[in-house]
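**Q** Here it is: the structure, laid out below.
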Amino acid sequence: MNDVLPVARPDKAWLHSARWRAVERVFQDVCRLSGYREIRTPVMESTELFTRSIGEGTDIVSKEMFSFETRGGACVTLRPEGTAPVIRAYLENGLASEGSLTKLYYIARVYRYERGQKGRYREHQQTGVEVLGSAEPLVDAEVISLAVEFYRRLGIVDTELRINSVGCPGCRPGYREQLLDFARPLLDQMSADNRTRFATNPLRMLDSKETQDRQALQDAPRLVDALCGGCAAHFAALCDLLRLLEIPFSLDPHLVRGFDYYTRTAFEVVSRGLGAMSAIGGGGRYDGLVEECGGPATPGIGFGIGTERCLIALESAGIDLPIDDEAPVAFLVAMGPDERARAARLLLDLRRAGVSCDADYGARSMKAQMRQASRLGARWAVILGEDELSRDGCSLKDLQGGAPQCEAPLASLVELLSQ
RNA sequence: GCGGUUGUAGCUCAGGCGGUUAGAGUGCCAGGUUGUGGCCCUGGAGGUCGUGGGUUCGAGUCCCAUCAGCCGCCCCA
């Protein structure tokens with residue numbers, strides 16, 4: 001299991017909870033600066049929500065969902081992605097207000113029943129945003145720039161942004177016919193998977209990474225050339241905006257992505273040199289999804305970013321984000337039962353004053369307590385012995401500096417350590 | 001879903017052709033220092049050998065299944 005461990009137990013660097021917090025903090029900062037608000041949705045939703053939104057023919061729905069029946073006989077699924085639950089919550093809680101945008105972000109554990117490997121886990125985390133209520137290319141550009149800005153702030157610079165337009169229900173069927181006509185004579189040159197896709201989900205043939213499929217479809221008609229007027233104008237406007245924002249991108253006419261709900265803009269951020277696990281984020285526009293989920297026709301766009309993949313990318317790039325200092329300021333060393341009781345009171349007083357502190361709770365030797373203080377990285381050892389307590393004082397030893405040990409009155413301890 | 005590989009102490013790993021009380025390093029605990037961390041020395045504790053079956057007089061070792069990790073494919077974050 002990929003447990004996320006405290007910093008004090010060194011393991012794979014990216015498994016430290018402090019690093020997760022650091023990445024999440026960067027994401028939250030970027031979102032907050034851009035006017036997004038956090039939404040938290042349940043891990044479990046009705047199965048139907050996902051089969052309808054993601055699409056029956058997709059890999060995720062057909063073989064990768066953790067689905068089961070409740071005691072009451074309802075079919076539920078652990079969410080395999082973040083968008084559909086957000087849409088459901090948006091509708092159910094009336095977050096839409098007439099004629100205005102809703103900008104949301106989420107940090108969600110998601111679940112897919114698939115074979116694990118580096119950077120791919122059955123339970124993983126995605127951070128993402130959803131913008132509901134606008135079809136303006138300006139919004140597409142903001143969402144993409146938000147994702148790019150997140151990577152930039154993390155320091156992951158070895159990335160490439162790929163975009164495409166997958167059209168709309170108006171122009172896609174026409175393209176679909178073009179593609180089918182092109183592929184039909186080439187069917188025997190393609191993989192079994194692609195022959196299946198030919199019948200079930202032709203656009204996904206383009207996404208195949210099999211070399212035989214890539215070769216066969218190399219000169220296939222491009223979706224971007226078959227867009228209707230509205231989609232073409234939208235895509236052109238987005239490309240202009242990205243250039244204005246100085247966000248480098250490449251056009252990938254074969255980019256389709258794994259969800260059926262995408263319309264027009266689709267994009268992916270890949271981190272080069274990470275082998276099988278190249279995509280570290282992706283998203284797109286889904287102008288029909290809200291309606292599909294039972295709401296009013298509402299355009300939307302969003303993206304999802306894999307937290308684990310970001311952490312691995314950071315690790316392999318040798319980037320150390322600033323992480324929380326978990327070392328206590330003070331460690332109380334108590335010599336006997338009376339002193340331990342006194343220490344308990346001091347711990348409370350110090351903590352109330354905002355001074356992080358800890359102590360040993362057993363009857364261990366002074367040497368062992370000092371060793372623990374040192375190991376925890378405490379700045380001060382506060383020594384409570386019979387002698388000191390008889391004078392209502394304690395000995396203060398600086399475990400990191402070279403200052404000589406001194407005695408201080410207990411009454412002044414909180415003030416001394418608060419500095 | 002497919003292929004390869006690994007699973008032994010908290011951690012990193014040894015354990016020729018199956019044979020008696022399963023080892024090392026590190027970490028942990030105690031002592032050396034009757035009340036003082038890091039360095040050093042000595043000692044100690046700690047293991048259902050991933051799990052479940054099977055073969056055998058006897059399985060950490062061989063066989064099967066299963067789970068998990070890692071790597072590749074597919075797909076995706």
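Quick note on naming: the chains in the structure tokens go A, B, ... in the order shown, residues restart at 1 in each chain, and ligands are numbered from 1 in order of appearance.
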Starting from chain A, keep only residues with some atom at most 9 Å from an atom of chain B, counting only C-alpha atoms (C1' of nucleotides), and report them as an NGL selection string.

**A** :A and (1 or 11 or 59-60 or 63 or 114-115 or 117-120 or 124-126 or 209 or 257-258 or 276-277 or 279-282 or 304-309 or 335 or 366-375 or 383 or 385 or 397 or 399)

**Q** So which residues touch stretch 151-166 of chain A within 6 Å, counting only C-alpha atoms (C1' of nucleotides), skipping near sequence neighbours fewer than 4 positions away, as a ChimeraX atom specification?

**A** /A:249-253,263-271

**Q** Write to file, as a short mmCIF file (atom, residue, chain, number, x, y, z; two decimals), in the first residue's frame, the residues of the selection just made, with C-alpha atoms.

**A**
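Output file selection.cif is given in full below:
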data_model
loop_
_atom_site.label_atom_id
_atom_site.label_comp_id
_atom_site.auth_asym_id
_atom_site.auth_seq_id
_atom_site.Cartn_x
_atom_site.Cartn_y
_atom_site.Cartn_z
CA PHE A 249 1.73 24.67 -26.71
CA SER A 250 1.73 22.17 -29.47
CA LEU A 251 -1.21 21.08 -31.55
CA ASP A 252 -1.89 17.36 -31.30
CA PRO A 253 -4.58 16.38 -33.80
CA THR A 263 -16.33 18.97 -26.54
CA ARG A 264 -14.14 21.47 -28.36
CA THR A 265 -11.01 22.07 -26.27
CA ALA A 266 -9.03 19.05 -25.04
CA PHE A 267 -5.58 19.37 -23.53
CA GLU A 268 -2.91 17.40 -21.78
CA VAL A 269 0.26 18.29 -19.94
CA VAL A 270 3.02 15.74 -20.26
CA SER A 271 6.27 15.59 -18.37
#

**Q** Hey, what does DSSP flag as alpha helix (DSSP H) within stretch 63-260 of chain A? Can you give it to me as number ranges by chain?

**A** A: 63, 83-92, 137-154, 172-183, 192-200, 211-216, 229-244

**Q** Next, dump the selected residues to file, keeping only C-alpha atoms, as a PDB file, in the first residue's frame.

**A**
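Result went into selection-v2.pdb, see below:
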ATOM      1  CA  LYS A  63     -13.526  -2.200 -16.837  1.00  0.00           C
ATOM      2  CA  THR A  83     -15.651  16.188 -12.616  1.00  0.00           C
ATOM      3  CA  ALA A  84     -18.971  14.314 -12.621  1.00  0.00           C
ATOM      4  CA  PRO A  85     -19.377  14.500  -8.810  1.00  0.00           C
ATOM      5  CA  VAL A  86     -18.740  18.234  -8.933  1.00  0.00           C
ATOM      6  CA  ILE A  87     -21.412  18.676 -11.603  1.00  0.00           C
ATOM      7  CA  ARG A  88     -23.839  16.582  -9.547  1.00  0.00           C
ATOM      8  CA  ALA A  89     -23.163  18.666  -6.423  1.00  0.00           C
ATOM      9  CA  TYR A  90     -23.392  21.875  -8.424  1.00  0.00           C
ATOM     10  CA  LEU A  91     -26.868  20.936  -9.591  1.00  0.00           C
ATOM     11  CA  GLU A  92     -28.102  19.386  -6.364  1.00  0.00           C
ATOM     12  CA  PRO A 137     -12.495  30.929 -25.117  1.00  0.00           C
ATOM     13  CA  LEU A 138     -11.206  33.306 -22.444  1.00  0.00           C
ATOM     14  CA  VAL A 139     -12.284  30.756 -19.864  1.00  0.00           C
ATOM     15  CA  ASP A 140     -10.487  27.951 -21.687  1.00  0.00           C
ATOM     16  CA  ALA A 141      -7.366  30.064 -21.674  1.00  0.00           C
ATOM     17  CA  GLU A 142      -7.677  30.832 -17.969  1.00  0.00           C
ATOM     18  CA  VAL A 143      -8.153  27.188 -17.038  1.00  0.00           C
ATOM     19  CA  ILE A 144      -5.170  26.118 -19.099  1.00  0.00           C
ATOM     20  CA  SER A 145      -3.028  28.929 -17.762  1.00  0.00           C
ATOM     21  CA  LEU A 146      -4.018  27.940 -14.237  1.00  0.00           C
ATOM     22  CA  ALA A 147      -2.740  24.414 -14.795  1.00  0.00           C
ATOM     23  CA  VAL A 148       0.447  25.694 -16.383  1.00  0.00           C
ATOM     24  CA  GLU A 149       0.939  28.188 -13.580  1.00  0.00           C
ATOM     25  CA  PHE A 150       0.610  25.399 -11.029  1.00  0.00           C
ATOM     26  CA  TYR A 151       3.444  23.438 -12.624  1.00  0.00           C
ATOM     27  CA  ARG A 152       5.522  26.579 -12.969  1.00  0.00           C
ATOM     28  CA  ARG A 153       5.159  27.384  -9.258  1.00  0.00           C
ATOM     29  CA  LEU A 154       6.091  23.834  -8.351  1.00  0.00           C
ATOM     30  CA  ARG A 172     -18.183  15.485 -34.885  1.00  0.00           C
ATOM     31  CA  PRO A 173     -20.551  13.079 -36.676  1.00  0.00           C
ATOM     32  CA  GLY A 174     -19.393  14.413 -40.025  1.00  0.00           C
ATOM     33  CA  TYR A 175     -15.770  13.927 -39.091  1.00  0.00           C
ATOM     34  CA  ARG A 176     -16.547  10.527 -37.691  1.00  0.00           C
ATOM     35  CA  GLU A 177     -17.782   9.457 -41.127  1.00  0.00           C
ATOM     36  CA  GLN A 178     -14.641  10.820 -42.768  1.00  0.00           C
ATOM     37  CA  LEU A 179     -12.509   8.888 -40.325  1.00  0.00           C
ATOM     38  CA  LEU A 180     -14.466   5.678 -40.771  1.00  0.00           C
ATOM     39  CA  ASP A 181     -14.150   5.951 -44.542  1.00  0.00           C
ATOM     40  CA  PHE A 182     -10.423   6.510 -44.216  1.00  0.00           C
ATOM     41  CA  ALA A 183      -9.862   3.687 -41.751  1.00  0.00           C
ATOM     42  CA  ALA A 192      -7.354  -5.716 -32.431  1.00  0.00           C
ATOM     43  CA  ASP A 193      -8.082  -2.897 -29.994  1.00  0.00           C
ATOM     44  CA  ASN A 194      -8.434  -0.416 -32.795  1.00  0.00           C
ATOM     45  CA  ARG A 195     -10.676  -2.723 -34.786  1.00  0.00           C
ATOM     46  CA  THR A 196     -12.955  -2.765 -31.756  1.00  0.00           C
ATOM     47  CA  ARG A 197     -12.779   1.011 -31.477  1.00  0.00           C
ATOM     48  CA  PHE A 198     -13.672   1.281 -35.147  1.00  0.00           C
ATOM     49  CA  ALA A 199     -17.055  -0.115 -34.236  1.00  0.00           C
ATOM     50  CA  THR A 200     -17.582   1.377 -30.789  1.00  0.00           C
ATOM     51  CA  THR A 211       2.958   1.862 -33.821  1.00  0.00           C
ATOM     52  CA  GLN A 212       0.945  -0.043 -36.425  1.00  0.00           C
ATOM     53  CA  ASP A 213      -2.108   2.078 -35.606  1.00  0.00           C
ATOM     54  CA  ARG A 214      -0.096   5.278 -35.664  1.00  0.00           C
ATOM     55  CA  GLN A 215       1.341   4.421 -39.049  1.00  0.00           C
ATOM     56  CA  ALA A 216      -1.997   3.419 -40.495  1.00  0.00           C
ATOM     57  CA  GLY A 229     -17.625  27.389 -37.950  1.00  0.00           C
ATOM     58  CA  GLY A 230     -18.322  27.874 -34.268  1.00  0.00           C
ATOM     59  CA  CYS A 231     -15.823  25.283 -33.082  1.00  0.00           C
ATOM     60  CA  ALA A 232     -13.153  26.498 -35.498  1.00  0.00           C
ATOM     61  CA  ALA A 233     -13.569  30.082 -34.324  1.00  0.00           C
ATOM     62  CA  HIS A 234     -13.465  28.995 -30.694  1.00  0.00           C
ATOM     63  CA  PHE A 235     -10.283  27.010 -31.209  1.00  0.00           C
ATOM     64  CA  ALA A 236      -8.597  29.787 -33.185  1.00  0.00           C
ATOM     65  CA  ALA A 237      -9.493  32.277 -30.456  1.00  0.00           C
ATOM     66  CA  LEU A 238      -8.049  29.994 -27.799  1.00  0.00           C
ATOM     67  CA  CYS A 239      -4.785  29.550 -29.694  1.00  0.00           C
ATOM     68  CA  ASP A 240      -4.483  33.324 -30.072  1.00  0.00           C
ATOM     69  CA  LEU A 241      -5.091  33.810 -26.363  1.00  0.00           C
ATOM     70  CA  LEU A 242      -2.487  31.225 -25.411  1.00  0.00           C
ATOM     71  CA  ARG A 243       0.038  33.034 -27.592  1.00  0.00           C
ATOM     72  CA  LEU A 244      -0.953  36.311 -25.946  1.00  0.00           C
TER      73      LEU A 244
END

**Q** What does the structure give for the distance between atom CA of A:Leu311 and atom CA of A:Gly82, in Å to one decimal?

**A** 19.2 Å

**Q** Figure out the distance between atom C1' of B:U26 and atom CA of A:Ser316, please, to one decimal in Å.

**A**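 So the two atoms, atom CA of A:Ser316 and atom C1' of B:U26, lie 25.7 Å apart.
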
**Q** DSSP on the backbone: which residues in stretch 132-258 of chain A end up as strand (DSSP E)? Give the answer as a ChimeraX atom specification.

**A** /A:132,159-165,250-251

**Q** What's the 12 Å shell around A:Gln405, counting only C-alpha atoms (C1' of nucleotides), without same-chain residues fewer than 2 positions away, as a PyMOL selection string?

**A** (chain A and resi 380-383+394-403+407-408) or (chain B and resi 36)

**Q** For each of A:Pro248, A:Pro322, A:Pro299, A:Gly288, take the minimum atom-to-atom distance to A:Val23, counting only C-alpha atoms, then give the residue where this is smallest.

**A**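 For A:Val23, the nearest of the given residues is A:Pro322.
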
**Q** Report, in Å to a single decimal, how far apart atom CA of A:Val355 and atom CA of A:Asp320 are.

**A**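 Answer for the atom CA of A:Asp320 to atom CA of A:Val355 separation: 26.3 Å.
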